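Student: For reference, the structure I am asking about is given below.
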Amino acid sequence: MDKIVSTLEKLERLHRSLLDVCVKKTEVIKESDIEGLNNMLKSEQTHIAAIERLEQQRQVEVTDYLRAKGFAPTEAPTVAQLIEAAPTDQKEALQQMRTRLIAVIDELKKRNDLNQKMIFQSLQFVNITLDLVQPRPEQMNYSSDIGGQAPQQQKKSYFDSQA
(Lines give C-alpha, C1' and ligand atoms only; values in the text may rest on other atoms or scores of the structure.)
Protein backbone atom coordinates (compact mmCIF):
# COMPACT_ATOMS: atom_id res chain seq x y z
CA MET A 1 0.00 0.00 0.00
CA ASP A 2 2.91 2.36 0.69
CA LYS A 3 4.07 2.09 -2.94
CA ILE A 4 0.59 3.04 -4.15
CA VAL A 5 0.42 6.05 -1.81
CA SER A 6 3.87 7.14 -2.97
CA THR A 7 2.82 6.85 -6.62
CA LEU A 8 -0.37 8.82 -5.96
CA GLU A 9 1.65 11.57 -4.28
CA LYS A 10 4.02 11.70 -7.27
CA LEU A 11 1.03 11.89 -9.61
CA GLU A 12 -0.38 14.81 -7.65
CA ARG A 13 2.98 16.63 -7.70
CA LEU A 14 3.34 16.11 -11.45
CA HIS A 15 -0.19 17.35 -12.09
CA ARG A 16 0.50 20.46 -9.97
CA SER A 17 3.71 21.05 -11.88
CA LEU A 18 1.79 20.68 -15.15
CA LEU A 19 -0.74 23.21 -13.86
CA ASP A 20 2.12 25.65 -13.19
CA VAL A 21 3.28 25.16 -16.79
CA CYS A 22 -0.26 25.83 -18.02
CA VAL A 23 -0.46 29.05 -16.01
CA LYS A 24 2.85 30.18 -17.51
CA LYS A 25 1.53 29.17 -20.93
CA THR A 26 -1.41 31.53 -20.44
CA GLU A 27 1.00 34.42 -19.88
CA VAL A 28 3.05 33.40 -22.93
CA ILE A 29 -0.11 33.36 -25.06
CA LYS A 30 -1.06 36.83 -23.77
CA GLU A 31 2.38 38.11 -24.79
CA SER A 32 2.13 36.41 -28.24
CA ASP A 33 5.53 34.82 -27.64
CA ILE A 34 5.73 32.01 -30.21
CA GLU A 35 9.12 30.73 -29.07
CA GLY A 36 7.98 30.73 -25.45
CA LEU A 37 4.82 28.87 -26.49
CA ASN A 38 6.93 26.20 -28.21
CA ASN A 39 8.98 25.81 -25.02
CA MET A 40 5.80 25.52 -22.95
CA LEU A 41 4.46 22.84 -25.31
CA LYS A 42 7.67 20.83 -24.99
CA SER A 43 7.49 21.11 -21.22
CA GLU A 44 3.84 20.03 -21.26
CA GLN A 45 4.68 17.01 -23.40
CA THR A 46 7.44 15.99 -20.99
CA HIS A 47 5.03 16.28 -18.04
CA ILE A 48 2.31 14.33 -19.84
CA ALA A 49 4.71 11.51 -20.73
CA ALA A 50 5.83 11.28 -17.09
CA ILE A 51 2.20 11.32 -15.89
CA GLU A 52 1.31 8.53 -18.31
CA ARG A 53 4.20 6.39 -17.05
CA LEU A 54 3.20 6.97 -13.43
CA GLU A 55 -0.44 6.23 -14.21
CA GLN A 56 0.54 2.91 -15.78
CA GLN A 57 2.65 2.13 -12.72
CA ARG A 58 -0.28 3.05 -10.44
CA GLN A 59 -2.61 0.76 -12.35
CA VAL A 60 -0.18 -2.17 -12.06
CA GLU A 61 0.30 -1.54 -8.33
CA VAL A 62 -3.43 -1.24 -7.67
CA THR A 63 -4.17 -4.36 -9.73
CA ASP A 64 -1.58 -6.32 -7.75
CA TYR A 65 -2.97 -4.97 -4.45
CA LEU A 66 -6.58 -5.81 -5.38
CA ARG A 67 -5.61 -9.33 -6.42
CA ALA A 68 -3.72 -9.83 -3.16
CA LYS A 69 -6.85 -8.76 -1.24
CA GLY A 70 -9.04 -11.19 -3.21
CA PHE A 71 -10.80 -8.62 -5.41
CA ALA A 72 -11.22 -9.03 -9.15
CA PRO A 73 -9.63 -5.90 -10.62
CA THR A 74 -10.92 -4.29 -13.78
CA GLU A 75 -8.72 -3.54 -16.78
CA ALA A 76 -8.04 -0.01 -15.52
CA PRO A 77 -8.49 -0.05 -11.73
CA THR A 78 -9.51 3.24 -10.18
CA VAL A 79 -8.58 4.92 -6.93
CA ALA A 80 -12.21 4.51 -5.85
CA GLN A 81 -11.82 0.73 -6.16
CA LEU A 82 -8.62 0.94 -4.17
CA ILE A 83 -10.40 2.88 -1.42
CA GLU A 84 -13.09 0.19 -1.18
CA ALA A 85 -10.45 -2.52 -0.72
CA ALA A 86 -8.19 -0.51 1.59
CA PRO A 87 -8.05 -1.00 5.36
CA THR A 88 -10.31 1.41 7.27
CA ASP A 89 -7.37 3.31 8.78
CA GLN A 90 -6.11 4.24 5.28
CA LYS A 91 -9.41 4.96 3.56
CA GLU A 92 -9.61 8.58 4.74
CA ALA A 93 -6.07 9.40 3.60
CA LEU A 94 -6.69 7.80 0.21
CA GLN A 95 -9.98 9.67 -0.16
CA GLN A 96 -8.23 12.98 0.57
CA MET A 97 -5.52 12.19 -2.00
CA ARG A 98 -8.19 11.32 -4.55
CA THR A 99 -10.05 14.59 -3.84
CA ARG A 100 -6.88 16.67 -4.20
CA LEU A 101 -5.93 14.93 -7.43
CA ILE A 102 -9.40 15.46 -8.90
CA ALA A 103 -9.27 19.15 -7.93
CA VAL A 104 -5.91 19.63 -9.68
CA ILE A 105 -7.14 17.82 -12.79
CA ASP A 106 -10.29 19.99 -12.88
CA GLU A 107 -8.17 23.12 -12.61
CA LEU A 108 -5.96 21.81 -15.42
CA LYS A 109 -9.02 21.29 -17.63
CA LYS A 110 -10.22 24.85 -16.96
CA ARG A 111 -6.80 26.32 -17.68
CA ASN A 112 -6.44 24.29 -20.88
CA ASP A 113 -9.88 25.47 -22.03
CA LEU A 114 -8.85 29.08 -21.38
CA ASN A 115 -5.58 28.62 -23.28
CA GLN A 116 -7.36 26.94 -26.17
CA LYS A 117 -9.88 29.80 -26.42
CA MET A 118 -7.10 32.40 -26.30
CA ILE A 119 -5.18 30.65 -29.08
CA PHE A 120 -8.35 30.38 -31.16
CA GLN A 121 -9.02 34.10 -30.73
CA SER A 122 -5.44 34.89 -31.72
CA LEU A 123 -5.87 32.82 -34.87
CA GLN A 124 -9.12 34.61 -35.65
CA PHE A 125 -7.36 37.95 -35.26
CA VAL A 126 -4.58 36.82 -37.62
CA ASN A 127 -7.16 35.67 -40.19
CA ILE A 128 -9.07 38.96 -40.01
CA THR A 129 -5.84 40.89 -40.41
CA LEU A 130 -4.87 38.78 -43.43
CA ASP A 131 -8.32 39.32 -44.95
CA LEU A 132 -7.84 43.08 -44.63
CA VAL A 133 -4.39 42.98 -46.19
CA GLN A 134 -5.13 40.42 -48.91
CA PRO A 135 -8.76 40.64 -49.99
CA ARG A 136 -10.42 37.69 -51.64
CA PRO A 137 -11.92 38.01 -55.11
CA GLU A 138 -15.67 38.57 -54.92
CA GLN A 139 -16.65 36.16 -57.69
CA MET A 140 -15.13 32.71 -57.58
CA ASN A 141 -17.33 30.97 -60.17
CA TYR A 142 -17.38 30.94 -63.95
CA SER A 143 -19.26 33.62 -65.85
CA SER A 144 -20.03 34.13 -69.50
CA ASP A 145 -17.44 35.90 -71.61
CA ILE A 146 -18.62 39.01 -73.41
CA GLY A 147 -16.88 39.31 -76.75
CA GLY A 148 -14.20 36.78 -75.78
CA GLN A 149 -12.95 38.91 -72.92
CA ALA A 150 -12.62 37.60 -69.40
CA PRO A 151 -14.36 39.71 -66.79
CA GLN A 152 -12.01 41.93 -64.84
CA GLN A 153 -11.92 41.62 -61.12
CA GLN A 154 -11.71 44.74 -59.05
CA LYS A 155 -9.32 44.88 -56.17
CA LYS A 156 -10.93 46.11 -53.02
CA SER A 157 -8.71 46.51 -50.01
CA TYR A 158 -8.39 48.62 -46.93
CA PHE A 159 -4.65 48.44 -47.32
CA ASP A 160 -3.04 49.78 -50.51
CA SER A 161 -0.10 47.50 -51.14
CA GLN A 162 1.10 49.50 -54.17
CA ALA A 163 1.64 52.72 -52.23
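Chain labels run A, B, ... following the order of the C-alpha coordinates; each chain numbers its residues from 1, and ligands are numbered from 1 in the order shown.
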So which residues touch segment 30-40 of chain A within 12 Å, counting only C-alpha atoms, skipping near sequence neighbours fewer than 5 positions away, as a PDB file with N, CA, C and O atoms, in the first residue's frame?

Tutor:
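Result went into out_20.pdb, see below:
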ATOM      1  N   LEU A  18       2.395  20.454 -13.842  1.00  0.00           N
ATOM      2  CA  LEU A  18       1.795  20.683 -15.155  1.00  0.00           C
ATOM      3  C   LEU A  18       0.852  21.883 -15.110  1.00  0.00           C
ATOM      4  O   LEU A  18       0.808  22.684 -16.044  1.00  0.00           O
ATOM      5  N   LEU A  19       0.132  22.042 -14.023  1.00  0.00           N
ATOM      6  CA  LEU A  19      -0.745  23.207 -13.859  1.00  0.00           C
ATOM      7  C   LEU A  19       0.078  24.494 -13.854  1.00  0.00           C
ATOM      8  O   LEU A  19      -0.312  25.491 -14.473  1.00  0.00           O
ATOM      9  N   ASP A  20       1.231  24.485 -13.187  1.00  0.00           N
ATOM     10  CA  ASP A  20       2.119  25.655 -13.194  1.00  0.00           C
ATOM     11  C   ASP A  20       2.567  25.985 -14.621  1.00  0.00           C
ATOM     12  O   ASP A  20       2.618  27.155 -15.011  1.00  0.00           O
ATOM     13  N   VAL A  21       2.883  24.952 -15.387  1.00  0.00           N
ATOM     14  CA  VAL A  21       3.278  25.155 -16.786  1.00  0.00           C
ATOM     15  C   VAL A  21       2.119  25.771 -17.568  1.00  0.00           C
ATOM     16  O   VAL A  21       2.319  26.690 -18.372  1.00  0.00           O
ATOM     17  N   CYS A  22       0.907  25.301 -17.313  1.00  0.00           N
ATOM     18  CA  CYS A  22      -0.264  25.825 -18.020  1.00  0.00           C
ATOM     19  C   CYS A  22      -0.529  27.291 -17.667  1.00  0.00           C
ATOM     20  O   CYS A  22      -0.932  28.081 -18.526  1.00  0.00           O
ATOM     21  N   VAL A  23      -0.294  27.652 -16.419  1.00  0.00           N
ATOM     22  CA  VAL A  23      -0.459  29.055 -16.006  1.00  0.00           C
ATOM     23  C   VAL A  23       0.577  29.923 -16.718  1.00  0.00           C
ATOM     24  O   VAL A  23       0.254  31.007 -17.227  1.00  0.00           O
ATOM     25  N   LYS A  24       1.813  29.446 -16.785  1.00  0.00           N
ATOM     26  CA  LYS A  24       2.854  30.177 -17.513  1.00  0.00           C
ATOM     27  C   LYS A  24       2.510  30.264 -19.000  1.00  0.00           C
ATOM     28  O   LYS A  24       2.771  31.278 -19.650  1.00  0.00           O
ATOM     29  N   LYS A  25       1.928  29.195 -19.517  1.00  0.00           N
ATOM     30  CA  LYS A  25       1.534  29.167 -20.927  1.00  0.00           C
ATOM     31  C   LYS A  25       0.495  30.246 -21.213  1.00  0.00           C
ATOM     32  O   LYS A  25       0.535  30.886 -22.265  1.00  0.00           O
ATOM     33  N   GLN A  45       4.545  18.368 -22.886  1.00  0.00           N
ATOM     34  CA  GLN A  45       4.680  17.010 -23.401  1.00  0.00           C
ATOM     35  C   GLN A  45       5.536  16.144 -22.482  1.00  0.00           C
ATOM     36  O   GLN A  45       5.235  14.963 -22.271  1.00  0.00           O
ATOM     37  N   THR A  46       6.583  16.716 -21.929  1.00  0.00           N
ATOM     38  CA  THR A  46       7.440  15.986 -20.990  1.00  0.00           C
ATOM     39  C   THR A  46       6.645  15.599 -19.746  1.00  0.00           C
ATOM     40  O   THR A  46       6.728  14.455 -19.273  1.00  0.00           O
ATOM     41  N   HIS A  47       5.861  16.551 -19.216  1.00  0.00           N
ATOM     42  CA  HIS A  47       5.032  16.282 -18.040  1.00  0.00           C
ATOM     43  C   HIS A  47       3.997  15.196 -18.341  1.00  0.00           C
ATOM     44  O   HIS A  47       3.791  14.283 -17.530  1.00  0.00           O
ATOM     45  N   LEU A 114      -9.169  27.655 -21.245  1.00  0.00           N
ATOM     46  CA  LEU A 114      -8.850  29.075 -21.382  1.00  0.00           C
ATOM     47  C   LEU A 114      -7.748  29.278 -22.423  1.00  0.00           C
ATOM     48  O   LEU A 114      -7.872  30.123 -23.321  1.00  0.00           O
ATOM     49  N   ASN A 115      -6.682  28.495 -22.328  1.00  0.00           N
ATOM     50  CA  ASN A 115      -5.576  28.619 -23.282  1.00  0.00           C
ATOM     51  C   ASN A 115      -6.031  28.320 -24.701  1.00  0.00           C
ATOM     52  O   ASN A 115      -5.641  29.004 -25.642  1.00  0.00           O
ATOM     53  N   GLN A 116      -6.860  27.302 -24.846  1.00  0.00           N
ATOM     54  CA  GLN A 116      -7.364  26.939 -26.169  1.00  0.00           C
ATOM     55  C   GLN A 116      -8.205  28.080 -26.757  1.00  0.00           C
ATOM     56  O   GLN A 116      -8.059  28.427 -27.929  1.00  0.00           O
ATOM     57  N   LYS A 117      -9.060  28.685 -25.943  1.00  0.00           N
ATOM     58  CA  LYS A 117      -9.884  29.799 -26.417  1.00  0.00           C
ATOM     59  C   LYS A 117      -9.016  30.997 -26.790  1.00  0.00           C
ATOM     60  O   LYS A 117      -9.270  31.668 -27.790  1.00  0.00           O
ATOM     61  N   MET A 118      -7.986  31.271 -25.995  1.00  0.00           N
ATOM     62  CA  MET A 118      -7.103  32.395 -26.296  1.00  0.00           C
ATOM     63  C   MET A 118      -6.350  32.174 -27.606  1.00  0.00           C
ATOM     64  O   MET A 118      -6.200  33.100 -28.409  1.00  0.00           O
ATOM     65  N   ILE A 119      -5.880  30.960 -27.834  1.00  0.00           N
ATOM     66  CA  ILE A 119      -5.180  30.653 -29.084  1.00  0.00           C
ATOM     67  C   ILE A 119      -6.137  30.765 -30.262  1.00  0.00           C
ATOM     68  O   ILE A 119      -5.792  31.318 -31.313  1.00  0.00           O
ATOM     69  N   GLN A 121      -8.781  32.679 -30.483  1.00  0.00           N
ATOM     70  CA  GLN A 121      -9.023  34.103 -30.725  1.00  0.00           C
ATOM     71  C   GLN A 121      -7.833  34.757 -31.417  1.00  0.00           C
ATOM     72  O   GLN A 121      -8.007  35.605 -32.299  1.00  0.00           O
ATOM     73  N   SER A 122      -6.630  34.361 -31.049  1.00  0.00           N
ATOM     74  CA  SER A 122      -5.441  34.888 -31.715  1.00  0.00           C
ATOM     75  C   SER A 122      -5.428  34.501 -33.185  1.00  0.00           C
ATOM     76  O   SER A 122      -5.099  35.317 -34.052  1.00  0.00           O
ATOM     77  N   LEU A 123      -5.806  33.274 -33.473  1.00  0.00           N
ATOM     78  CA  LEU A 123      -5.868  32.822 -34.865  1.00  0.00           C
ATOM     79  C   LEU A 123      -6.947  33.575 -35.641  1.00  0.00           C
ATOM     80  O   LEU A 123      -6.753  33.920 -36.807  1.00  0.00           O
ATOM     81  N   PHE A 125      -7.907  36.621 -35.046  1.00  0.00           N
ATOM     82  CA  PHE A 125      -7.358  37.952 -35.265  1.00  0.00           C
ATOM     83  C   PHE A 125      -6.389  37.943 -36.446  1.00  0.00           C
ATOM     84  O   PHE A 125      -6.412  38.839 -37.293  1.00  0.00           O
ATOM     85  N   VAL A 126      -5.534  36.928 -36.512  1.00  0.00           N
ATOM     86  CA  VAL A 126      -4.582  36.818 -37.618  1.00  0.00           C
ATOM     87  C   VAL A 126      -5.338  36.673 -38.937  1.00  0.00           C
ATOM     88  O   VAL A 126      -4.996  37.326 -39.937  1.00  0.00           O
TER      89      VAL A 126
END

Student: Quick one: everything within 8 Å of Val104 of chain A, counting only C-alpha atoms, minus sequence neighbours fewer than 4 positions away in the same chain. Send it as a VMD selection string.

Tutor: chain A and resid 12 15 to 16 19 100 108

Student: Can I get the selection written as a short mmCIF file (atom, residue, chain, number, x, y, z; two decimals), in the first residue's frame, with all heavy atoms?

Tutor:
data_model
loop_
_atom_site.label_atom_id
_atom_site.label_comp_id
_atom_site.auth_asym_id
_atom_site.auth_seq_id
_atom_site.Cartn_x
_atom_site.Cartn_y
_atom_site.Cartn_z
N GLU A 12 0.14 13.51 -8.04
CA GLU A 12 -0.38 14.81 -7.65
C GLU A 12 0.67 15.91 -7.88
O GLU A 12 0.35 16.98 -8.40
CB GLU A 12 -0.82 14.80 -6.18
CG GLU A 12 -1.44 16.12 -5.74
CD GLU A 12 -1.83 16.15 -4.29
OE1 GLU A 12 -1.76 15.11 -3.61
OE2 GLU A 12 -2.18 17.24 -3.82
N HIS A 15 0.97 16.60 -11.59
CA HIS A 15 -0.19 17.35 -12.09
C HIS A 15 -0.10 18.82 -11.65
O HIS A 15 -0.44 19.72 -12.42
CB HIS A 15 -1.50 16.72 -11.60
CG HIS A 15 -1.94 15.57 -12.44
ND1 HIS A 15 -1.53 14.28 -12.20
CD2 HIS A 15 -2.77 15.51 -13.51
CE1 HIS A 15 -2.08 13.48 -13.10
NE2 HIS A 15 -2.84 14.20 -13.91
N ARG A 16 0.34 19.07 -10.43
CA ARG A 16 0.50 20.46 -9.97
C ARG A 16 1.59 21.18 -10.77
O ARG A 16 1.44 22.35 -11.12
CB ARG A 16 0.83 20.50 -8.48
CG ARG A 16 -0.34 20.17 -7.60
CD ARG A 16 -0.12 20.53 -6.15
NE ARG A 16 -1.20 20.04 -5.33
CZ ARG A 16 -2.41 20.60 -5.26
NH1 ARG A 16 -2.67 21.67 -5.96
NH2 ARG A 16 -3.35 20.08 -4.49
N LEU A 19 0.13 22.04 -14.02
CA LEU A 19 -0.74 23.21 -13.86
C LEU A 19 0.08 24.49 -13.85
O LEU A 19 -0.31 25.49 -14.47
CB LEU A 19 -1.57 23.08 -12.58
CG LEU A 19 -2.53 24.22 -12.28
CD1 LEU A 19 -3.55 24.41 -13.40
CD2 LEU A 19 -3.24 23.97 -10.95
N ARG A 100 -7.87 15.68 -3.79
CA ARG A 100 -6.88 16.67 -4.20
C ARG A 100 -6.49 16.48 -5.67
O ARG A 100 -6.37 17.44 -6.43
CB ARG A 100 -5.64 16.60 -3.32
CG ARG A 100 -5.83 17.15 -1.91
CD ARG A 100 -4.50 17.33 -1.18
NE ARG A 100 -3.62 16.19 -1.23
CZ ARG A 100 -3.52 15.25 -0.28
NH1 ARG A 100 -4.25 15.33 0.81
NH2 ARG A 100 -2.66 14.25 -0.41
N LEU A 108 -6.69 21.97 -14.16
CA LEU A 108 -5.96 21.81 -15.42
C LEU A 108 -6.90 21.90 -16.62
O LEU A 108 -6.57 22.56 -17.62
CB LEU A 108 -5.25 20.45 -15.44
CG LEU A 108 -3.81 20.41 -15.00
CD1 LEU A 108 -3.35 18.97 -14.84
CD2 LEU A 108 -2.92 21.15 -15.95
#

Student: In Å, rounded to a single decimal, give me how far atom CA of Asn112 of chain A is from atom CA of Ser17 of chain A.

Tutor: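 These two atoms are separated by 13.9 Å.
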
Student: Name the residues of chain A that come out as helix (DSSP H, G or I) in a backbone DSSP run; write them as a PyMOL selection string.

Tutor: chain A and resi 2-31+34-68+79-85+88-133

Student: Please compute the atom CA of Leu11 of chain A-atom CA of Val62 of chain A distance, one decimal, in Å.

Tutor: 14.0 Å

Student: Just the number, please: distance in Å from atom CA of Gln90 of chain A to atom CA of Ile51 of chain A, one decimal.

Tutor: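 Interatomic distance, atom CA of Gln90 of chain A to atom CA of Ile51 of chain A: 23.8 Å.
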